[in-house]
Amino acid sequence: MSGYLDEHGICRHCRMPSGNPNRNPDALPYGFPLRQGRYRLGDVLGQGGFGITYQAWDAKQRRRVALKEFFPRGAVARDPASHIQRLVTREDGNVWAGYYDHVKQRFYDEARIIYNLRDIPEIFTIYDYFEELNAAFYSMEFLEGETLGEMAKRMGHVTWSKIAPYIWDVTRSLEMIHRKNQIHRDVSPDNIFIQRNDQAKLIDFGSVRNFKTANRFTGIFKAPLAAPEMFEDTNQGPWSDVFALCASIYYLLSDGKKPRHVYSRLADLNLQGKDSLVPLENYVSEIPDYICGAVMRGMALRLPI
């Protein structure tokens with residue numbers, strides 16, 4: 001990540017080629033400088049519907065970072081000078097003309113919210129936000145490791161003793177987030193990142209909302225792990241994150257058996273008077289009773305009076 005390449009595109013320090021020849025065509029070129037040369041881009045780490053994340057070198061702080069670019073797929077294209085251009089403009093008279101502005105504001109809000117949560121050790125840190133090339137970017141802590149979901153798939157079977165330290169990390173982060181009137185709204189094994197030092201961090205804050213002030217709660221979430229109110233755009237709060245965390249524990253300890261969809265469970269509860277969720281103890285024995293009870297209570301559709 002030093003930026004010193006020879007005439008063949010080979011790093012003068014480690015002798016490795018400069019990036020993947022099959023680089024995503026939407027991405028900025030390998031080695032591209034941003035923020036007056038402070039950042040130099042490396043490999044693409046991933047691309048979602050609203051952005052591209054790169055590995056990058058921060059020359060000012062002399063550290064490796066992850067750099068996320070606002071790039072709403074399908075709404076923009078990159079011109080020869082690497083600037084992004086809207087595919088739909090207000091002059092077109094299209095009902096989607098305001099989409100770009102809306103999702104760009106969401107991108108900024110995500111960066112601002114995460115930055116304001118920087119005092120929570122179990123959440124990744126944002127360092128910098130800037131706009132360039134008609135796009136927006138933010139740099140953040142570079143995490144090395146794997147998600148809890150990837151770990152579970154790699155191991156094939158995980159026990160409570162294995163995942164418990166990570167769950168406590170996430171529980172502490174959620175407690176602090178909720179104290180700030182924010183809810184994550186997308187807690188899942190794929191959004192719990194296990195670092196090489198064996199500590200967990202909660203990631204992906206694209207759906208976060210202030211549950212005290214938000215008028216609407218539409219967003220992206222994982223249906224099998226989501227609480228009933230997530231589908232109704234109403235009555236969402238810290239309990240919604242608790243449900244998703246408990247559903248994630250259920251999913252992990254039952255070796256990937258996703259809980260029944262809440263709509264099916266609600267239908268069974270209304271018709272038969274009984275929740276059809278299979279008790280977690282049917283899948284796993286090496287778990288304390290109080291943990292098993294807490295998970296089932298956290299996923300309850302109706303709590304006993």
# chains A, B, ... in the order shown; residues from 1 in each chain; ligands from 1

call {"tool": "select_by_dssp", "arguments": {"residues": "region 26-226 of chain A", "states": "alpha helix (DSSP H)", "output": "number ranges by chain"}}
result
A: 99-116, 148-155, 160-179

call {"tool": "residues_around", "arguments": {"residues": "Lys60 (chain A)", "least_positions_apart": "3", "cutoff": "10 Å", "atoms": "only C-alpha atoms", "output": "ChimeraX atom specification"}}
result
/A:37-39,57,63

call {"tool": "closest_residue", "arguments": {"among": "A:Ala75, A:Ile183, A:Ala244, A:Ala81", "to": "His102 (chain A)", "atoms": "only C-alpha atoms"}}
result
A:Ala75

call {"tool": "closest_residue", "arguments": {"among": "A:Ser264, A:Asn181, A:Ser161, A:Ser139", "to": "Ala56 (chain A)", "atoms": "only C-alpha atoms"}}
result
A:Ser139

call {"tool": "residues_around", "arguments": {"residues": "region 212-214 of chain A", "least_positions_apart": "3", "cutoff": "10 Å", "atoms": "only C-alpha atoms", "output": "VMD selection string"}}
result
chain A and resid 180 to 183 209 217 236 to 237

call {"tool": "select_by_dssp", "arguments": {"residues": "region 11-143 of chain A", "states": "strand (DSSP E or B)", "output": "compact mmCIF listing (two decimals) with all heavy atoms, in the first residue's frame"}}
result
# COMPACT_ATOMS: atom_id res chain seq x y z
N CYS A 11 4.92 -3.92 -7.09
CA CYS A 11 5.35 -3.19 -5.91
C CYS A 11 6.87 -3.34 -5.72
O CYS A 11 7.40 -4.46 -5.78
CB CYS A 11 4.61 -3.72 -4.67
SG CYS A 11 5.16 -2.96 -3.13
N PRO A 17 2.04 -8.02 -7.69
CA PRO A 17 1.39 -7.21 -8.72
C PRO A 17 0.37 -6.27 -8.11
O PRO A 17 -0.18 -6.54 -7.04
CB PRO A 17 0.72 -8.25 -9.63
CG PRO A 17 0.53 -9.44 -8.76
CD PRO A 17 1.71 -9.45 -7.81
N PRO A 33 -5.53 8.00 -6.38
CA PRO A 33 -5.38 8.89 -5.22
C PRO A 33 -6.66 9.67 -4.93
O PRO A 33 -7.36 10.10 -5.84
CB PRO A 33 -4.26 9.83 -5.66
CG PRO A 33 -4.43 9.92 -7.15
CD PRO A 33 -4.96 8.58 -7.60
N LEU A 34 -6.96 9.85 -3.67
CA LEU A 34 -8.14 10.61 -3.24
C LEU A 34 -7.75 11.57 -2.12
O LEU A 34 -6.75 11.37 -1.43
CB LEU A 34 -9.24 9.66 -2.74
CG LEU A 34 -9.96 8.81 -3.79
CD1 LEU A 34 -10.79 7.73 -3.10
CD2 LEU A 34 -10.85 9.68 -4.68
N TYR A 39 -5.21 9.42 0.43
CA TYR A 39 -5.57 8.01 0.33
C TYR A 39 -5.18 7.47 -1.03
O TYR A 39 -5.36 8.13 -2.06
CB TYR A 39 -7.09 7.82 0.52
CG TYR A 39 -7.60 8.30 1.85
CD1 TYR A 39 -8.35 9.46 1.96
CD2 TYR A 39 -7.33 7.59 3.02
CE1 TYR A 39 -8.83 9.90 3.18
CE2 TYR A 39 -7.80 8.02 4.25
CZ TYR A 39 -8.55 9.18 4.32
OH TYR A 39 -9.01 9.61 5.54
N ARG A 40 -4.67 6.24 -1.04
CA ARG A 40 -4.36 5.54 -2.28
C ARG A 40 -5.06 4.19 -2.24
O ARG A 40 -4.89 3.43 -1.28
CB ARG A 40 -2.85 5.37 -2.46
CG ARG A 40 -2.45 4.88 -3.84
CD ARG A 40 -0.95 4.90 -4.01
NE ARG A 40 -0.42 6.27 -4.00
CZ ARG A 40 -0.33 7.02 -5.09
NH1 ARG A 40 -0.75 6.56 -6.26
NH2 ARG A 40 0.17 8.23 -5.01
N LEU A 41 -5.85 3.90 -3.27
CA LEU A 41 -6.72 2.73 -3.24
C LEU A 41 -5.97 1.44 -3.54
O LEU A 41 -5.06 1.39 -4.38
CB LEU A 41 -7.86 2.89 -4.25
CG LEU A 41 -8.80 4.07 -4.03
CD1 LEU A 41 -9.92 4.05 -5.05
CD2 LEU A 41 -9.35 4.08 -2.61
N GLY A 42 -6.40 0.38 -2.86
CA GLY A 42 -5.90 -0.96 -3.12
C GLY A 42 -7.02 -1.84 -3.66
O GLY A 42 -7.85 -1.40 -4.47
N ASP A 43 -7.07 -3.08 -3.21
CA ASP A 43 -8.06 -4.03 -3.70
C ASP A 43 -9.47 -3.65 -3.27
O ASP A 43 -9.68 -2.99 -2.25
CB ASP A 43 -7.74 -5.43 -3.18
CG ASP A 43 -6.52 -6.03 -3.85
OD1 ASP A 43 -6.22 -5.63 -4.99
OD2 ASP A 43 -5.87 -6.89 -3.23
N VAL A 44 -10.44 -4.11 -4.06
CA VAL A 44 -11.85 -3.96 -3.70
C VAL A 44 -12.20 -5.03 -2.67
O VAL A 44 -11.97 -6.22 -2.89
CB VAL A 44 -12.77 -4.10 -4.94
CG1 VAL A 44 -14.23 -4.11 -4.52
CG2 VAL A 44 -12.50 -2.97 -5.92
N LEU A 45 -12.75 -4.61 -1.54
CA LEU A 45 -13.12 -5.54 -0.49
C LEU A 45 -14.54 -6.05 -0.67
O LEU A 45 -14.87 -7.15 -0.22
CB LEU A 45 -12.99 -4.87 0.89
CG LEU A 45 -11.59 -4.39 1.27
CD1 LEU A 45 -11.63 -3.65 2.60
CD2 LEU A 45 -10.64 -5.58 1.36
N GLY A 46 -15.39 -5.25 -1.31
CA GLY A 46 -16.77 -5.68 -1.51
C GLY A 46 -17.59 -4.58 -2.14
O GLY A 46 -17.21 -3.41 -2.16
N GLN A 47 -18.74 -4.97 -2.70
CA GLN A 47 -19.66 -4.00 -3.28
C GLN A 47 -21.08 -4.41 -2.97
O GLN A 47 -21.47 -5.56 -3.16
CB GLN A 47 -19.49 -3.88 -4.80
CG GLN A 47 -20.47 -2.89 -5.43
CD GLN A 47 -20.19 -2.62 -6.90
OE1 GLN A 47 -19.33 -3.24 -7.49
NE2 GLN A 47 -20.93 -1.68 -7.48
N GLY A 51 -22.77 1.04 -2.39
CA GLY A 51 -21.40 1.50 -2.28
C GLY A 51 -20.37 0.43 -2.60
O GLY A 51 -20.68 -0.76 -2.67
N ILE A 52 -19.14 0.89 -2.80
CA ILE A 52 -17.99 0.04 -3.05
C ILE A 52 -16.99 0.28 -1.93
O ILE A 52 -16.69 1.43 -1.60
CB ILE A 52 -17.33 0.36 -4.41
CG1 ILE A 52 -18.36 0.25 -5.55
CG2 ILE A 52 -16.15 -0.58 -4.68
CD1 ILE A 52 -17.82 0.72 -6.90
N THR A 53 -16.47 -0.78 -1.34
CA THR A 53 -15.50 -0.66 -0.26
C THR A 53 -14.14 -1.13 -0.73
O THR A 53 -14.02 -2.23 -1.29
CB THR A 53 -15.94 -1.46 0.97
OG1 THR A 53 -17.25 -1.03 1.38
CG2 THR A 53 -14.97 -1.25 2.13
N TYR A 54 -13.14 -0.30 -0.51
CA TYR A 54 -11.77 -0.58 -0.93
C TYR A 54 -10.85 -0.74 0.28
O TYR A 54 -11.09 -0.13 1.33
CB TYR A 54 -11.20 0.58 -1.77
CG TYR A 54 -12.02 1.04 -2.93
CD1 TYR A 54 -13.05 1.97 -2.77
CD2 TYR A 54 -11.75 0.59 -4.23
CE1 TYR A 54 -13.79 2.42 -3.86
CE2 TYR A 54 -12.48 1.04 -5.32
CZ TYR A 54 -13.50 1.96 -5.12
OH TYR A 54 -14.23 2.41 -6.20
N GLN A 55 -9.79 -1.48 0.09
CA GLN A 55 -8.66 -1.38 0.99
C GLN A 55 -7.86 -0.15 0.53
O GLN A 55 -7.73 0.08 -0.67
CB GLN A 55 -7.79 -2.64 0.90
CG GLN A 55 -6.61 -2.63 1.83
CD GLN A 55 -5.79 -3.90 1.73
OE1 GLN A 55 -4.79 -4.03 2.42
NE2 GLN A 55 -6.19 -4.85 0.89
N ALA A 56 -7.34 0.62 1.45
CA ALA A 56 -6.62 1.85 1.06
C ALA A 56 -5.51 2.14 2.07
O ALA A 56 -5.51 1.63 3.19
CB ALA A 56 -7.58 3.03 0.96
N TRP A 57 -4.58 2.99 1.63
CA TRP A 57 -3.50 3.43 2.50
C TRP A 57 -3.69 4.91 2.82
O TRP A 57 -3.89 5.73 1.92
CB TRP A 57 -2.15 3.22 1.82
CG TRP A 57 -0.98 3.69 2.64
CD1 TRP A 57 -0.22 4.81 2.41
CD2 TRP A 57 -0.45 3.08 3.80
NE1 TRP A 57 0.75 4.91 3.38
CE2 TRP A 57 0.64 3.86 4.25
CE3 TRP A 57 -0.80 1.92 4.51
CZ2 TRP A 57 1.39 3.54 5.37
CZ3 TRP A 57 -0.05 1.60 5.64
CH2 TRP A 57 1.02 2.39 6.05
N ASP A 58 -3.67 5.22 4.12
CA ASP A 58 -3.80 6.60 4.59
C ASP A 58 -2.38 7.13 4.80
O ASP A 58 -1.72 6.79 5.79
CB ASP A 58 -4.59 6.62 5.90
CG ASP A 58 -4.80 8.04 6.44
OD1 ASP A 58 -4.11 8.96 5.98
OD2 ASP A 58 -5.65 8.20 7.34
N ARG A 63 -1.37 4.37 7.93
CA ARG A 63 -2.08 3.16 8.34
C ARG A 63 -2.97 2.68 7.21
O ARG A 63 -3.37 3.45 6.34
CB ARG A 63 -2.93 3.44 9.58
CG ARG A 63 -4.05 4.45 9.37
CD ARG A 63 -4.75 4.81 10.66
NE ARG A 63 -5.69 5.91 10.49
CZ ARG A 63 -6.22 6.60 11.49
NH1 ARG A 63 -5.91 6.30 12.73
NH2 ARG A 63 -7.07 7.59 11.24
N ARG A 64 -3.27 1.42 7.25
CA ARG A 64 -4.20 0.83 6.30
C ARG A 64 -5.63 1.09 6.78
O ARG A 64 -5.91 0.97 7.98
CB ARG A 64 -3.94 -0.68 6.19
CG ARG A 64 -4.77 -1.37 5.14
CD ARG A 64 -4.24 -2.73 4.80
NE ARG A 64 -3.83 -3.52 5.96
CZ ARG A 64 -3.61 -4.83 5.93
NH1 ARG A 64 -3.77 -5.50 4.80
NH2 ARG A 64 -3.23 -5.47 7.00
N VAL A 65 -6.51 1.44 5.87
CA VAL A 65 -7.89 1.72 6.21
C VAL A 65 -8.80 1.03 5.19
O VAL A 65 -8.35 0.56 4.14
CB VAL A 65 -8.20 3.23 6.20
CG1 VAL A 65 -7.38 3.96 7.25
CG2 VAL A 65 -7.98 3.84 4.82
N ALA A 66 -10.07 0.97 5.52
CA ALA A 66 -11.10 0.62 4.54
C ALA A 66 -11.76 1.92 4.12
O ALA A 66 -12.02 2.79 4.95
CB ALA A 66 -12.11 -0.34 5.15
N LEU A 67 -12.03 2.05 2.84
CA LEU A 67 -12.60 3.28 2.30
C LEU A 67 -13.86 2.93 1.53
O LEU A 67 -13.81 2.14 0.59
CB LEU A 67 -11.59 3.98 1.38
CG LEU A 67 -11.91 5.41 0.98
CD1 LEU A 67 -11.67 6.35 2.16
CD2 LEU A 67 -11.05 5.85 -0.20
N LYS A 68 -14.98 3.50 1.94
CA LYS A 68 -16.26 3.20 1.30
C LYS A 68 -16.67 4.36 0.41
O LYS A 68 -16.68 5.52 0.83
CB LYS A 68 -17.34 2.93 2.34
CG LYS A 68 -18.65 2.42 1.75
CD LYS A 68 -19.60 1.95 2.84
CE LYS A 68 -20.89 1.38 2.26
NZ LYS A 68 -21.80 0.89 3.31
N GLU A 69 -17.00 4.04 -0.84
CA GLU A 69 -17.45 5.05 -1.81
C GLU A 69 -18.95 4.91 -2.02
O GLU A 69 -19.48 3.81 -2.22
CB GLU A 69 -16.74 4.84 -3.15
CG GLU A 69 -17.21 5.80 -4.24
CD GLU A 69 -16.66 5.47 -5.62
OE1 GLU A 69 -16.24 4.31 -5.82
OE2 GLU A 69 -16.67 6.35 -6.48
N PHE A 70 -19.64 6.05 -2.04
CA PHE A 70 -21.06 6.06 -2.37
C PHE A 70 -21.22 5.80 -3.86
O PHE A 70 -20.80 6.60 -4.70
CB PHE A 70 -21.66 7.42 -2.00
CG PHE A 70 -23.08 7.59 -2.46
CD1 PHE A 70 -24.09 6.81 -1.93
CD2 PHE A 70 -23.40 8.54 -3.41
CE1 PHE A 70 -25.41 6.98 -2.35
CE2 PHE A 70 -24.70 8.72 -3.83
CZ PHE A 70 -25.71 7.93 -3.30
N ARG A 73 -25.71 1.38 -7.15
CA ARG A 73 -25.73 0.59 -8.39
C ARG A 73 -27.05 0.79 -9.13
O ARG A 73 -28.12 0.72 -8.56
CB ARG A 73 -25.53 -0.89 -8.06
CG ARG A 73 -25.29 -1.78 -9.26
CD ARG A 73 -25.21 -3.24 -8.85
NE ARG A 73 -24.18 -3.46 -7.85
CZ ARG A 73 -24.05 -4.62 -7.18
NH1 ARG A 73 -24.90 -5.60 -7.39
NH2 ARG A 73 -23.08 -4.76 -6.31
N VAL A 76 -26.17 5.33 -11.04
CA VAL A 76 -25.04 6.16 -11.48
C VAL A 76 -24.14 5.35 -12.42
O VAL A 76 -24.22 4.12 -12.49
CB VAL A 76 -24.19 6.67 -10.29
CG1 VAL A 76 -25.01 7.55 -9.37
CG2 VAL A 76 -23.58 5.50 -9.52
N ALA A 77 -23.29 6.07 -13.13
CA ALA A 77 -22.26 5.46 -13.97
C ALA A 77 -21.00 6.31 -13.83
O ALA A 77 -21.06 7.48 -13.45
CB ALA A 77 -22.70 5.39 -15.43
N ARG A 78 -19.84 5.72 -14.13
CA ARG A 78 -18.59 6.44 -14.00
C ARG A 78 -18.11 6.90 -15.37
O ARG A 78 -18.08 6.11 -16.32
CB ARG A 78 -17.53 5.53 -13.34
CG ARG A 78 -16.43 6.32 -12.64
CD ARG A 78 -15.39 5.40 -12.03
NE ARG A 78 -15.90 4.55 -10.97
CZ ARG A 78 -16.12 4.93 -9.72
NH1 ARG A 78 -15.90 6.19 -9.37
NH2 ARG A 78 -16.55 4.09 -8.82
N ILE A 84 -18.61 10.20 -11.01
CA ILE A 84 -19.87 9.48 -11.19
C ILE A 84 -20.93 10.46 -11.67
O ILE A 84 -20.96 11.63 -11.28
CB ILE A 84 -20.32 8.73 -9.91
CG1 ILE A 84 -20.71 9.70 -8.79
CG2 ILE A 84 -19.27 7.76 -9.44
CD1 ILE A 84 -21.40 9.00 -7.63
N GLN A 85 -21.78 9.96 -12.55
CA GLN A 85 -22.85 10.76 -13.14
C GLN A 85 -24.18 10.05 -12.90
O GLN A 85 -24.28 8.83 -13.02
CB GLN A 85 -22.63 10.94 -14.65
CG GLN A 85 -21.29 11.57 -15.02
CD GLN A 85 -21.17 13.01 -14.56
OE1 GLN A 85 -22.17 13.69 -14.35
NE2 GLN A 85 -19.93 13.48 -14.40
N ARG A 86 -25.20 10.83 -12.58
CA ARG A 86 -26.52 10.25 -12.37
C ARG A 86 -27.08 9.74 -13.70
O ARG A 86 -26.94 10.39 -14.73
CB ARG A 86 -27.48 11.28 -11.79
CG ARG A 86 -27.01 11.96 -10.53
CD ARG A 86 -28.08 12.86 -10.00
NE ARG A 86 -27.54 13.84 -9.06
CZ ARG A 86 -28.28 14.61 -8.29
NH1 ARG A 86 -29.60 14.53 -8.36
NH2 ARG A 86 -27.73 15.47 -7.46
N ILE A 123 -17.78 -1.35 18.21
CA ILE A 123 -18.25 -0.86 16.91
C ILE A 123 -17.05 -0.33 16.15
O ILE A 123 -16.17 0.33 16.72
CB ILE A 123 -19.31 0.25 17.09
CG1 ILE A 123 -20.59 -0.34 17.72
CG2 ILE A 123 -19.64 0.93 15.77
CD1 ILE A 123 -21.65 0.68 18.02
N ILE A 126 -15.06 5.17 12.38
CA ILE A 126 -14.95 5.99 11.16
C ILE A 126 -13.98 7.13 11.45
O ILE A 126 -14.07 7.79 12.48
CB ILE A 126 -16.32 6.53 10.72
CG1 ILE A 126 -17.10 5.42 9.99
CG2 ILE A 126 -16.17 7.74 9.81
CD1 ILE A 126 -18.41 5.87 9.40
N TYR A 127 -13.02 7.34 10.52
CA TYR A 127 -12.00 8.36 10.70
C TYR A 127 -12.31 9.67 9.97
O TYR A 127 -12.01 10.75 10.46
CB TYR A 127 -10.65 7.86 10.20
CG TYR A 127 -10.15 6.60 10.85
CD1 TYR A 127 -9.76 5.50 10.08
CD2 TYR A 127 -10.04 6.49 12.23
CE1 TYR A 127 -9.28 4.34 10.66
CE2 TYR A 127 -9.56 5.32 12.83
CZ TYR A 127 -9.18 4.26 12.03
OH TYR A 127 -8.71 3.11 12.62
N ASP A 128 -12.88 9.56 8.77
CA ASP A 128 -12.91 10.73 7.89
C ASP A 128 -14.08 10.60 6.92
O ASP A 128 -14.44 9.50 6.50
CB ASP A 128 -11.59 10.79 7.12
CG ASP A 128 -11.42 12.04 6.29
OD1 ASP A 128 -12.06 13.06 6.61
OD2 ASP A 128 -10.64 12.01 5.32
N TYR A 129 -14.68 11.76 6.57
CA TYR A 129 -15.74 11.81 5.56
C TYR A 129 -15.41 12.94 4.60
O TYR A 129 -15.01 14.03 5.02
CB TYR A 129 -17.11 12.06 6.21
CG TYR A 129 -18.23 12.24 5.21
CD1 TYR A 129 -18.96 11.15 4.78
CD2 TYR A 129 -18.55 13.50 4.70
CE1 TYR A 129 -19.99 11.30 3.85
CE2 TYR A 129 -19.56 13.66 3.78
CZ TYR A 129 -20.28 12.55 3.35
OH TYR A 129 -21.28 12.71 2.43
N PHE A 130 -15.55 12.70 3.29
CA PHE A 130 -15.28 13.75 2.31
C PHE A 130 -16.03 13.46 1.02
O PHE A 130 -16.51 12.34 0.80
CB PHE A 130 -13.77 13.87 2.03
CG PHE A 130 -13.12 12.62 1.47
CD1 PHE A 130 -12.92 12.48 0.10
CD2 PHE A 130 -12.72 11.59 2.30
CE1 PHE A 130 -12.33 11.34 -0.42
CE2 PHE A 130 -12.12 10.45 1.80
CZ PHE A 130 -11.93 10.32 0.43
N GLU A 131 -16.14 14.49 0.17
CA GLU A 131 -16.81 14.36 -1.12
C GLU A 131 -15.83 14.70 -2.23
O GLU A 131 -15.06 15.67 -2.13
CB GLU A 131 -18.04 15.25 -1.18
CG GLU A 131 -19.11 14.85 -0.17
CD GLU A 131 -20.45 15.53 -0.40
OE1 GLU A 131 -20.71 15.94 -1.54
OE2 GLU A 131 -21.23 15.61 0.57
N GLU A 132 -15.86 13.89 -3.28
CA GLU A 132 -14.94 14.05 -4.40
C GLU A 132 -15.49 13.25 -5.58
O GLU A 132 -16.22 12.27 -5.37
CB GLU A 132 -13.55 13.52 -3.99
CG GLU A 132 -12.42 13.89 -4.93
CD GLU A 132 -11.06 13.51 -4.33
OE1 GLU A 132 -10.91 13.48 -3.10
OE2 GLU A 132 -10.13 13.28 -5.13
N ALA A 135 -18.94 12.09 -5.85
CA ALA A 135 -19.31 11.00 -4.96
C ALA A 135 -18.99 11.39 -3.52
O ALA A 135 -18.46 12.47 -3.26
CB ALA A 135 -18.57 9.71 -5.35
N ALA A 136 -19.32 10.52 -2.59
CA ALA A 136 -18.99 10.71 -1.19
C ALA A 136 -18.22 9.50 -0.71
O ALA A 136 -18.42 8.38 -1.20
CB ALA A 136 -20.26 10.90 -0.37
N PHE A 137 -17.32 9.71 0.24
CA PHE A 137 -16.47 8.65 0.77
C PHE A 137 -16.36 8.78 2.28
O PHE A 137 -16.45 9.88 2.82
CB PHE A 137 -15.05 8.74 0.19
CG PHE A 137 -14.95 8.64 -1.30
CD1 PHE A 137 -15.16 9.76 -2.10
CD2 PHE A 137 -14.61 7.44 -1.91
CE1 PHE A 137 -15.04 9.69 -3.48
CE2 PHE A 137 -14.50 7.36 -3.29
CZ PHE A 137 -14.71 8.48 -4.07
N TYR A 138 -16.15 7.65 2.95
CA TYR A 138 -15.65 7.73 4.32
C TYR A 138 -14.63 6.63 4.56
O TYR A 138 -14.74 5.53 4.02
CB TYR A 138 -16.78 7.73 5.37
CG TYR A 138 -17.65 6.51 5.46
CD1 TYR A 138 -17.23 5.33 6.09
CD2 TYR A 138 -18.98 6.56 4.99
CE1 TYR A 138 -18.07 4.24 6.22
CE2 TYR A 138 -19.82 5.47 5.11
CZ TYR A 138 -19.36 4.32 5.74
OH TYR A 138 -20.19 3.23 5.87
N SER A 139 -13.60 6.99 5.34
CA SER A 139 -12.57 6.02 5.70
C SER A 139 -12.87 5.49 7.08
O SER A 139 -13.43 6.19 7.93
CB SER A 139 -11.18 6.67 5.66
OG SER A 139 -11.04 7.65 6.66
N MET A 140 -12.51 4.24 7.29
CA MET A 140 -12.83 3.60 8.56
C MET A 140 -11.76 2.59 8.92
O MET A 140 -10.87 2.25 8.12
CB MET A 140 -14.20 2.91 8.46
CG MET A 140 -14.35 1.94 7.31
SD MET A 140 -16.05 1.36 7.09
CE MET A 140 -15.98 0.73 5.41
N GLU A 141 -11.86 2.13 10.13
CA GLU A 141 -10.96 1.13 10.67
C GLU A 141 -10.93 -0.11 9.76
O GLU A 141 -11.97 -0.60 9.33
CB GLU A 141 -11.46 0.76 12.06
CG GLU A 141 -10.71 -0.28 12.81
CD GLU A 141 -11.35 -0.56 14.16
OE1 GLU A 141 -12.48 -0.07 14.41
OE2 GLU A 141 -10.72 -1.27 14.96
